[in-house]
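Chemist: Hey, dropping data_28.csv in here, CSV, C-alpha atoms:
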chain,number,residue,atom,x,y,z
A,155,PRO,CA,129.9,157.0,191.5
A,156,ARG,CA,126.4,158.2,191.5
A,157,THR,CA,125.0,160.0,188.5
A,158,ARG,CA,125.2,163.7,188.8
A,159,LEU,CA,122.3,166.0,188.1
A,160,HIS,CA,123.3,169.6,187.4
A,161,ILE,CA,121.0,172.5,188.1
A,162,LEU,CA,122.2,175.1,185.6
A,163,GLU,CA,122.3,178.8,186.5
A,164,HIS,CA,120.3,180.1,183.5
A,165,SER,CA,117.0,181.6,184.4
A,166,LEU,CA,114.9,180.8,181.4
A,167,LYS,CA,111.8,182.1,179.7
A,168,VAL,CA,109.7,179.9,177.4
A,169,ALA,CA,107.6,181.7,174.8
A,170,SER,CA,105.5,181.1,171.7
A,171,ILE,CA,105.8,183.4,168.7
A,172,GLU,CA,102.9,183.3,166.3
A,173,LYS,CA,103.9,182.7,162.7
A,174,GLU,CA,102.3,185.9,161.6
A,175,GLY,CA,104.3,187.8,164.2
A,176,ILE,CA,107.7,186.4,163.4
A,177,GLN,CA,108.9,189.5,161.4
A,178,ILE,CA,108.8,191.7,164.5
A,179,CYS,CA,111.1,189.3,166.3
A,180,THR,CA,113.6,188.5,163.5
A,181,HIS,CA,115.9,191.4,164.5
A,182,GLY,CA,116.4,189.9,167.9
A,183,LEU,CA,116.4,186.3,166.8
A,184,ILE,CA,119.1,186.9,164.2
A,185,LYS,CA,121.2,188.6,166.8
A,186,LEU,CA,120.7,185.7,169.3
A,187,ALA,CA,121.5,183.0,166.7
A,188,PHE,CA,124.2,184.5,164.6
A,189,LEU,CA,125.7,187.5,166.5
A,190,ALA,CA,125.6,186.0,170.0
A,191,SER,CA,128.7,187.8,171.0
A,192,LYS,CA,126.7,191.1,170.8
A,193,THR,CA,124.4,189.8,173.5
A,194,ARG,CA,125.0,188.3,177.0
A,195,CYS,CA,122.8,185.4,176.1
A,196,LYS,CA,124.1,181.9,177.0
A,197,PHE,CA,121.0,179.8,176.4
A,198,PHE,CA,119.0,180.1,173.2
A,199,SER,CA,116.7,177.6,171.4
A,200,LEU,CA,114.2,178.3,168.6
A,201,THR,CA,111.9,175.6,167.2
A,202,GLU,CA,109.6,176.1,164.3
A,203,THR,CA,106.5,173.9,164.1
A,204,PRO,CA,103.6,174.1,161.7
A,205,GLU,CA,101.8,176.1,164.5
A,206,ASP,CA,104.3,178.5,165.9
A,207,TYR,CA,107.9,179.3,166.8
A,208,THR,CA,108.7,178.2,170.4
A,209,ILE,CA,111.7,180.0,172.0
A,210,ILE,CA,113.6,179.0,175.1
A,211,VAL,CA,116.0,181.8,176.2
A,212,ASP,CA,117.7,183.1,179.3
A,213,GLU,CA,116.8,186.5,180.7
A,214,GLU,CA,119.6,188.3,179.0
A,215,GLY,CA,118.5,186.9,175.6
A,216,PHE,CA,114.8,187.6,176.4
A,217,LYS,CA,115.7,191.3,176.5
A,218,GLU,CA,116.4,191.1,172.8
A,219,LEU,CA,112.8,190.4,172.0
A,220,PRO,CA,110.1,193.1,171.7
A,221,GLN,CA,106.9,193.1,173.7
A,222,SER,CA,104.1,192.1,171.4
A,223,GLU,CA,100.6,190.5,171.4
A,224,HIS,CA,102.1,188.0,169.0
A,225,ILE,CA,104.3,186.5,171.8
A,226,SER,CA,102.8,184.4,174.5
A,227,VAL,CA,105.2,183.9,177.4
A,228,ALA,CA,104.7,180.9,179.8
A,229,ASP,CA,104.3,182.1,183.3
A,230,ALA,CA,107.2,181.5,185.6
A,231,THR,CA,110.9,181.3,185.3
A,232,TRP,CA,112.3,177.9,184.3
A,233,LEU,CA,115.5,176.2,185.3
A,234,ALA,CA,117.4,173.7,183.2
A,235,LEU,CA,118.5,170.4,184.7
A,236,ASN,CA,121.1,168.3,183.0
A,237,VAL,CA,122.0,164.7,183.8
A,238,VAL,CA,125.7,163.8,183.6
A,239,SER,CA,126.6,160.1,184.0
A,240,GLY,CA,129.2,159.4,186.7
A,241,GLY,CA,132.9,159.0,186.3
A,242,GLY,CA,135.6,161.2,184.8
A,243,ASN,CA,135.5,164.9,184.3
A,244,ALA,CA,132.7,166.8,182.6
A,245,SER,CA,134.3,166.7,179.2
A,246,ASN,CA,134.4,163.0,178.7
A,247,SER,CA,131.3,161.9,180.7
A,248,GLN,CA,128.8,161.0,178.0
A,249,PRO,CA,125.4,162.7,178.2
A,250,ILE,CA,122.7,160.1,178.2
A,251,GLY,CA,119.6,160.0,176.1
A,252,VAL,CA,116.1,160.8,177.2
A,253,THR,CA,115.3,157.1,177.3
A,254,LYS,CA,117.8,156.6,180.1
A,255,ILE,CA,116.5,159.4,182.2
A,256,ALA,CA,112.8,158.5,181.7
A,257,LYS,CA,112.6,156.3,184.7
A,258,SER,CA,115.0,158.1,187.0
A,259,VAL,CA,114.1,161.7,186.4
A,260,ILE,CA,111.0,162.2,184.3
A,261,ALA,CA,108.7,159.6,185.9
A,262,PRO,CA,109.3,160.6,189.5
A,263,LEU,CA,108.7,164.3,188.7
A,264,ALA,CA,105.4,163.4,187.0
A,265,ASP,CA,104.5,161.3,190.0
A,266,HIS,CA,105.0,164.4,192.1
A,267,ASN,CA,102.9,166.4,189.7
A,268,ILE,CA,105.8,168.5,188.5
A,269,SER,CA,105.5,169.8,184.9
A,270,VAL,CA,108.6,169.4,182.8
A,271,PHE,CA,109.5,170.9,179.4
A,272,MET,CA,112.1,168.9,177.5
A,273,LEU,CA,114.8,170.0,175.1
A,274,SER,CA,117.0,167.3,173.7
A,275,THR,CA,120.0,168.6,171.7
A,276,TYR,CA,122.8,166.9,169.8
A,277,GLN,CA,125.0,167.2,172.9
A,278,THR,CA,122.6,166.5,175.8
A,279,ASP,CA,119.1,166.6,177.2
A,280,PHE,CA,117.8,169.5,179.2
A,281,ILE,CA,114.9,169.0,181.6
A,282,LEU,CA,113.2,172.3,182.3
A,283,VAL,CA,111.3,172.8,185.5
A,284,ARG,CA,109.7,175.9,187.0
A,285,GLU,CA,112.0,177.6,189.5
A,286,ARG,CA,109.3,177.6,192.1
A,287,ASP,CA,109.1,173.8,191.8
A,288,LEU,CA,112.9,173.4,192.5
A,289,PRO,CA,112.6,172.5,196.2
A,290,MET,CA,110.2,169.7,195.3
A,291,VAL,CA,112.4,168.6,192.4
A,292,MET,CA,115.4,168.4,194.6
A,293,HIS,CA,113.5,166.5,197.2
A,294,THR,CA,112.2,164.0,194.6
A,295,LEU,CA,115.5,163.4,192.9
A,296,SER,CA,118.1,163.6,195.8
A,297,SER,CA,117.9,159.9,196.6
A,298,GLU,CA,118.8,158.9,193.1
A,299,PHE,CA,121.3,161.6,192.1
A,300,THR,CA,124.1,163.7,193.4
A,301,LEU,CA,122.6,167.2,193.0
A,302,LEU,CA,125.0,169.9,191.9
A,303,ARG,CA,124.2,173.6,191.2
A,304,VAL,CA,126.1,175.8,188.9
A,305,VAL,CA,126.8,179.2,190.6
A,306,ASN,CA,128.8,181.9,188.8
A,307,GLY,CA,130.1,179.2,186.5
A,308,GLU,CA,131.4,177.0,189.4
A,309,THR,CA,129.7,173.7,190.1
A,310,VAL,CA,128.9,173.3,193.8
A,311,ALA,CA,126.9,170.9,195.9
A,312,ALA,CA,123.2,171.8,195.8
A,313,HIS,CA,122.0,171.8,199.4
A,314,ASP,CA,118.5,170.4,199.9
A,315,LEU,CA,116.4,173.5,200.3
A,316,GLY,CA,115.2,172.4,203.7
A,317,VAL,CA,111.9,171.0,202.7
A,318,THR,CA,111.3,167.9,204.7
A,319,ASN,CA,107.8,167.9,206.0
A,320,GLY,CA,104.6,168.2,204.2
A,321,PHE,CA,105.5,165.9,201.4
A,322,VAL,CA,103.0,163.2,200.7
A,323,LYS,CA,104.0,159.9,199.2
A,324,PRO,CA,103.2,160.3,195.5
A,325,LYS,CA,100.2,158.4,194.2
A,326,LEU,CA,101.5,156.1,191.5
A,327,VAL,CA,98.9,156.1,188.8
A,328,PRO,CA,99.0,154.6,185.4
A,329,ARG,CA,99.6,157.2,182.7
A,330,PRO,CA,97.3,156.7,179.8
A,331,ILE,CA,98.1,158.8,176.7
A,332,ILE,CA,95.2,161.2,176.3
A,333,HIS,CA,96.4,163.2,173.3
A,334,PRO,CA,96.3,162.2,169.7
A,335,LEU,CA,99.5,160.9,168.2
A,336,SER,CA,100.7,161.4,164.7
A,337,SER,CA,103.8,160.6,162.8
A,338,PRO,CA,104.7,162.9,159.9
A,339,SER,CA,106.3,161.4,156.9
A,340,ASN,CA,109.6,163.4,157.2
A,341,LEU,CA,112.9,161.8,158.2
A,342,PHE,CA,114.9,163.9,160.6
A,343,CYS,CA,118.6,164.5,161.4
A,344,VAL,CA,119.9,165.6,164.7
A,345,THR,CA,123.2,167.3,164.0
A,346,SER,CA,125.6,170.1,165.0
A,347,LEU,CA,128.2,172.3,163.5
A,348,ASP,CA,131.4,174.0,164.6
A,349,PRO,CA,130.5,177.5,165.8
A,350,ASP,CA,133.5,178.7,163.7
A,351,THR,CA,131.7,177.6,160.5
A,352,LEU,CA,128.4,179.3,161.5
A,353,PRO,CA,129.2,182.5,159.5
A,354,SER,CA,129.7,180.4,156.4
A,355,VAL,CA,126.1,179.0,156.5
A,356,ALA,CA,124.4,181.9,158.3
A,357,THR,CA,122.5,183.1,155.2
A,358,LEU,CA,121.4,179.5,154.5
A,359,LEU,CA,120.2,179.1,158.1
A,360,MET,CA,118.4,182.4,158.0
A,361,ASP,CA,116.6,181.1,154.9
A,362,VAL,CA,115.7,177.8,156.6
A,363,MET,CA,114.6,179.5,159.8
A,364,PHE,CA,112.5,182.3,158.5
A,365,TYR,CA,111.8,182.0,154.8
A,366,SER,CA,111.4,178.3,154.0
A,367,GLY,CA,108.0,177.7,155.6
A,368,GLY,CA,106.0,178.3,152.5
A,369,PRO,CA,103.1,176.3,151.3
A,370,LYS,CA,103.3,172.5,151.5
A,371,GLU,CA,105.3,170.8,148.8
A,372,PRO,CA,103.2,169.6,145.9
A,373,GLY,CA,102.1,166.0,146.3
A,374,ALA,CA,101.9,166.3,150.1
A,375,SER,CA,98.2,166.7,150.2
A,376,SER,CA,96.7,163.5,151.6
A,377,GLU,CA,96.9,162.8,155.4
A,378,ASP,CA,99.4,160.0,155.3
A,379,SER,CA,102.0,161.8,153.2
A,380,SER,CA,101.9,164.4,156.0
A,381,HIS,CA,105.2,166.2,155.6
A,382,ILE,CA,105.5,168.8,158.3
A,383,ARG,CA,107.5,172.0,158.8
A,384,PHE,CA,109.9,171.4,161.8
A,385,PHE,CA,113.2,172.9,162.4
A,386,SER,CA,115.1,173.5,165.7
A,387,PHE,CA,118.2,175.6,166.3
A,388,SER,CA,119.9,175.8,169.7
A,389,LEU,CA,123.0,177.7,170.8
A,390,ILE,CA,123.6,176.8,174.4
A,391,GLU,CA,126.8,177.6,176.2
A,392,GLY,CA,128.6,177.8,172.9
A,393,TYR,CA,127.4,174.5,171.5
A,394,ILE,CA,125.1,174.5,168.4
A,395,SER,CA,122.4,171.8,167.9
A,396,LEU,CA,120.2,171.5,164.8
A,397,VAL,CA,117.2,169.3,164.2
A,398,MET,CA,116.0,169.3,160.6
A,399,ASP,CA,114.5,167.0,158.0
A,400,GLU,CA,116.6,165.2,155.5
A,401,GLN,CA,115.7,167.5,152.6
A,402,THR,CA,116.9,170.5,154.6
A,403,THR,CA,120.3,168.9,155.3
A,404,GLN,CA,120.9,168.4,151.6
A,405,ARG,CA,120.9,172.2,151.2
A,406,PHE,CA,124.1,172.4,153.4
A,407,PRO,CA,127.6,172.2,151.9
A,408,ASN,CA,129.5,169.0,152.5
A,409,ASN,CA,131.4,168.6,155.7
A,410,VAL,CA,129.7,171.4,157.6
A,411,LEU,CA,127.1,169.3,159.5
A,412,PHE,CA,128.4,166.7,162.0
A,413,THR,CA,127.0,163.3,161.3
A,414,SER,CA,126.4,160.8,164.0
A,415,ALA,CA,128.5,157.7,163.8
A,416,SER,CA,125.6,155.7,162.6
A,417,GLY,CA,124.4,158.4,160.2
A,418,GLU,CA,121.0,157.6,161.7
A,419,LEU,CA,117.7,159.1,160.6
A,420,TRP,CA,114.9,159.7,163.0
A,421,LYS,CA,111.1,159.5,162.7
A,422,MET,CA,108.9,161.8,164.8
A,423,VAL,CA,105.9,161.1,166.9
A,424,ARG,CA,103.9,164.3,167.6
A,425,ILE,CA,101.8,164.4,170.7
A,426,GLY,CA,99.1,167.0,171.0
A,427,GLY,CA,96.5,168.6,168.9
A,428,GLN,CA,95.2,171.2,171.3
A,429,PRO,CA,97.6,173.4,173.3
A,430,LEU,CA,99.0,171.1,175.9
A,431,GLY,CA,98.9,173.6,178.7
A,432,PHE,CA,102.0,173.7,181.0
A,433,ASP,CA,100.2,172.4,184.0
A,434,GLU,CA,99.5,169.1,182.3
A,435,CYS,CA,102.0,166.9,184.1
A,436,GLY,CA,103.3,163.8,182.7
A,437,ILE,CA,103.0,164.1,179.0
A,438,VAL,CA,106.8,163.5,178.7
A,439,ALA,CA,106.5,160.6,181.1
A,440,GLN,CA,103.6,159.1,179.2
A,441,ILE,CA,105.7,159.0,176.0
A,442,SER,CA,109.2,158.4,177.4
A,443,GLU,CA,108.4,155.5,179.8
A,444,PRO,CA,107.2,153.1,177.1
A,445,LEU,CA,110.3,154.0,175.1
A,446,ALA,CA,112.5,153.3,178.1
A,447,THR,CA,110.8,150.0,178.7
A,448,ALA,CA,111.5,149.0,175.1
A,449,ASP,CA,115.0,150.5,175.4
A,450,ILE,CA,114.5,152.6,172.3
A,451,PRO,CA,116.8,155.7,172.1
A,452,ALA,CA,114.9,159.0,171.7
A,453,TYR,CA,115.3,162.7,171.5
A,454,TYR,CA,112.5,164.8,172.9
A,455,ILE,CA,111.5,168.4,172.1
A,456,SER,CA,108.6,170.1,173.8
A,457,THR,CA,107.0,173.1,172.2
A,458,PHE,CA,104.1,175.3,173.3
A,459,LYS,CA,101.4,173.2,171.5
A,460,PHE,CA,103.0,169.8,170.8
A,461,ASP,CA,105.6,167.5,172.2
A,462,HIS,CA,107.9,165.8,169.7
A,463,ALA,CA,109.7,162.5,170.2
A,464,LEU,CA,112.3,161.4,167.7
A,465,VAL,CA,113.0,157.7,167.5
A,466,PRO,CA,115.2,155.7,165.1
A,467,GLU,CA,113.5,155.1,161.8
A,468,GLU,CA,113.5,151.3,162.2
A,469,ASN,CA,111.6,151.6,165.5
A,470,ILE,CA,108.8,153.9,164.5
A,471,GLN,CA,106.1,151.2,163.9
A,472,SER,CA,106.8,149.4,167.2
A,473,VAL,CA,106.8,152.8,169.0
A,474,ILE,CA,103.5,153.9,167.6
A,475,GLY,CA,102.1,150.5,168.4
A,476,ALA,CA,103.4,150.6,172.0
A,477,LEU,CA,102.0,154.2,172.5
A,478,ARG,CA,98.7,153.4,170.9
A,479,THR,CA,98.1,150.5,173.3
A,480,LYS,CA,98.4,153.1,176.1
A,481,SER,CA,96.3,155.6,174.4
A,482,THR,CA,92.8,156.6,175.4
A,483,ALA,CA,92.6,159.1,172.5
A,484,GLN,CA,91.4,157.2,169.4
Translate the structure described by the file into structure tokens.

Modeler:
Amino acid sequence: PRTRLHILEHSLKVASIEKEGIQICTHGLIKLAFLASKTRCKFFSLTETPEDYTIIVDEEGFKELPQSEHISVADATWLALNVVSGGGNASNSQPIGVTKIAKSVIAPLADHNISVFMLSTYQTDFILVRERDLPMVMHTLSSEFTLLRVVNGETVAAHDLGVTNGFVKPKLVPRPIIHPLSSPSNLFCVTSLDPDTLPSVATLLMDVMFYSGGPKEPGASSEDSSHIRFFSFSLIEGYISLVMDEQTTQRFPNNVLFTSASGELWKMVRIGGQPLGFDECGIVAQISEPLATADIPAYYISTFKFDHALVPEENIQSVIGALRTKSTAQ
């Protein structure tokens, strides 16, 4: 059977919270992360980088956040797409990594000048597109996928939105990488935990999310021992996903965090250096296509100012090499 592409029903907002403004948001963020049953939120993701906190949240969850000059909200409403490989029912069909969707989803969208914002989780990969781009997205992907739309929790066939004329054949241009690349020294884990155990580690997670971003560790002064602050927490449709560095995982009690079968550790490539700007198409494609060509598994997390690709530790040198050869930014 053809691979299915689900268009989820969440209407999402993407926002950046300045570090110095985080305290005005913590009341809402703690509720969204730890007391979700007190909200009607079904999609919440918070990623801390050295620059900011990026939040992706549905409209119900967005109501929990205050209006503030410390919060920049990306224009437009975003929709999440999710690729489910064919066969079987939803519970056993394995989600496939960003490498597998690079050529089938990400590249064609970039060719049609559609911006995407990526959120990989422990469970799956979400491709966020602007709601207003949906007709074009569906037109672009309908030949490759069975498109399904989630409406009131039911999955139904997504009908092409009647846009047939006026589409020009995309210009296929090479995609040089124009942003500087860097690879921090941290090793990262992509993990999860059972929602029932969340209360037992809630205070630890609060500490990690809001109170652990202090000054850099001693010894991490020179450029190449660049240890960065990066932590991501998602609670999406009842599933928790966490991305954190190895030191942070050691703060958790045994047997709380799920380990991948391989116990794999991941290295990060950060792309950016100036705010990427959401109209800049193709950053995800620039990075994910070479990874797909080399068949390297990857997780991918976009934030307001940087994109982050996580690749297996043993592949990091070859990945940086492959990306550098495509790079125009020296």

Chemist: Considering all atoms listed in the file, can you say which of A:Leu183, A:Ile210, A:Ile425, A:Val252 comes closest to Lys459 of chain A?

Modeler: A:Ile425

Chemist: Nearest residue to Met360 of chain A out of A:Thr180, A:Asp449, A:Arg383, A:Ile225, using only C-alpha atoms?

Modeler: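 Smallest separation from Met360 of chain A among the options: A:Thr180.
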
Chemist: Take atom CA of His266 of chain A and atom CA of Ala311 of chain A and report the distance between them in Å, one decimal.

Modeler: 23.2 Å

Chemist: Go through A:Ile260, A:Val473, A:Ile161, A:Ile178 and flag the residue nearest Leu335 of chain A, using all atoms listed in the file for the distances.

Modeler: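 Smallest distance to Leu335 of chain A is found for A:Val473.
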
Chemist: May I have the protein, DNA and RNA residues with an atom at most 12 Å from (108.4, 152.0, 158.2), counting all atoms listed in the file in the file's coordinates, returned as a PDB file with C-alpha atoms, in the frame of the given file?

Modeler:
ATOM      1  CA  SER A 337     103.800 160.600 162.800  1.00  0.00           C
ATOM      2  CA  PRO A 338     104.700 162.900 159.900  1.00  0.00           C
ATOM      3  CA  SER A 339     106.300 161.400 156.900  1.00  0.00           C
ATOM      4  CA  ASN A 340     109.600 163.400 157.200  1.00  0.00           C
ATOM      5  CA  LEU A 341     112.900 161.800 158.200  1.00  0.00           C
ATOM      6  CA  LEU A 419     117.700 159.100 160.600  1.00  0.00           C
ATOM      7  CA  TRP A 420     114.900 159.700 163.000  1.00  0.00           C
ATOM      8  CA  LYS A 421     111.100 159.500 162.700  1.00  0.00           C
ATOM      9  CA  MET A 422     108.900 161.800 164.800  1.00  0.00           C
ATOM     10  CA  VAL A 465     113.000 157.700 167.500  1.00  0.00           C
ATOM     11  CA  PRO A 466     115.200 155.700 165.100  1.00  0.00           C
ATOM     12  CA  GLU A 467     113.500 155.100 161.800  1.00  0.00           C
ATOM     13  CA  GLU A 468     113.500 151.300 162.200  1.00  0.00           C
ATOM     14  CA  ASN A 469     111.600 151.600 165.500  1.00  0.00           C
ATOM     15  CA  ILE A 470     108.800 153.900 164.500  1.00  0.00           C
ATOM     16  CA  GLN A 471     106.100 151.200 163.900  1.00  0.00           C
ATOM     17  CA  SER A 472     106.800 149.400 167.200  1.00  0.00           C
ATOM     18  CA  VAL A 473     106.800 152.800 169.000  1.00  0.00           C
ATOM     19  CA  ILE A 474     103.500 153.900 167.600  1.00  0.00           C
TER      20      ILE A 474
END

Chemist: Which distance in Å separates atom CA of Ala452 of chain A and atom CA of Arg303 of chain A, to one decimal?

Modeler: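 Those two atoms sit 26.1 Å apart.
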
Chemist: Report the distance between atom CA of Glu172 of chain A and atom CA of Gln221 of chain A in Å, rounded to one decimal place.

Modeler: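 Taking atom CA of Glu172 of chain A as the start and atom CA of Gln221 of chain A as the end point, the length is 12.9 Å.
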
Chemist: Give as a list of chain:residue names the set of residues within 8 Å of the point (107.8, 174.9, 164.4), where distances use the file's coordinates and all atoms listed in the file.

Modeler: A:Thr201, A:Glu202, A:Thr203, A:Pro204, A:Glu205, A:Asp206, A:Tyr207, A:Thr208, A:Arg383, A:Phe384, A:Phe385, A:Ser386

Chemist: Can you spit out the residues from that selection as a PDB file, in the frame of the given file, using C-alpha atoms?

Modeler:
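Wrote out31.pdb, looks like this:
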ATOM      1  CA  THR A 201     111.900 175.600 167.200  1.00  0.00           C
ATOM      2  CA  GLU A 202     109.600 176.100 164.300  1.00  0.00           C
ATOM      3  CA  THR A 203     106.500 173.900 164.100  1.00  0.00           C
ATOM      4  CA  PRO A 204     103.600 174.100 161.700  1.00  0.00           C
ATOM      5  CA  GLU A 205     101.800 176.100 164.500  1.00  0.00           C
ATOM      6  CA  ASP A 206     104.300 178.500 165.900  1.00  0.00           C
ATOM      7  CA  TYR A 207     107.900 179.300 166.800  1.00  0.00           C
ATOM      8  CA  THR A 208     108.700 178.200 170.400  1.00  0.00           C
ATOM      9  CA  ARG A 383     107.500 172.000 158.800  1.00  0.00           C
ATOM     10  CA  PHE A 384     109.900 171.400 161.800  1.00  0.00           C
ATOM     11  CA  PHE A 385     113.200 172.900 162.400  1.00  0.00           C
ATOM     12  CA  SER A 386     115.100 173.500 165.700  1.00  0.00           C
TER      13      SER A 386
END

Chemist: Do a neighbour search on Ser346 of chain A at 10 Å with all atoms listed in the file, toss out local chain neighbours closer than 6 positions, and write the hits as a PDB file with C-alpha atoms, in the coordinates of the input.

Modeler:
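Final file, part37.pdb:
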ATOM      1  CA  THR A 275     120.000 168.600 171.700  1.00  0.00           C
ATOM      2  CA  TYR A 276     122.800 166.900 169.800  1.00  0.00           C
ATOM      3  CA  GLN A 277     125.000 167.200 172.900  1.00  0.00           C
ATOM      4  CA  PHE A 387     118.200 175.600 166.300  1.00  0.00           C
ATOM      5  CA  SER A 388     119.900 175.800 169.700  1.00  0.00           C
ATOM      6  CA  LEU A 389     123.000 177.700 170.800  1.00  0.00           C
ATOM      7  CA  TYR A 393     127.400 174.500 171.500  1.00  0.00           C
ATOM      8  CA  ILE A 394     125.100 174.500 168.400  1.00  0.00           C
ATOM      9  CA  SER A 395     122.400 171.800 167.900  1.00  0.00           C
ATOM     10  CA  LEU A 396     120.200 171.500 164.800  1.00  0.00           C
ATOM     11  CA  VAL A 397     117.200 169.300 164.200  1.00  0.00           C
ATOM     12  CA  VAL A 410     129.700 171.400 157.600  1.00  0.00           C
ATOM     13  CA  LEU A 411     127.100 169.300 159.500  1.00  0.00           C
ATOM     14  CA  PHE A 412     128.400 166.700 162.000  1.00  0.00           C
ATOM     15  CA  THR A 413     127.000 163.300 161.300  1.00  0.00           C
ATOM     16  CA  SER A 414     126.400 160.800 164.000  1.00  0.00           C
TER      17      SER A 414
END

Chemist: With distances taken over only C-alpha atoms, which residue among A:Arg156, A:His333, A:Lys167, A:Arg284 lies nearest Ile209 of chain A?

Modeler: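 Under the stated criterion, the closest residue is A:Lys167.
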
Chemist: Taking only C-alpha atoms into account, which of A:Glu163, A:Asp348, A:Asp399, A:Asp361 comes nearest Leu235 of chain A?

Modeler: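 That would be A:Glu163, the residue with the smallest distance to Leu235 of chain A.
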
Chemist: Residues near Ser258 of chain A, anyone? I mean within 10 Å using only C-alpha atoms, not counting same-chain ones fewer than 6 positions away, as a PyMOL selection string.

Modeler: chain A and resi 295+298-299
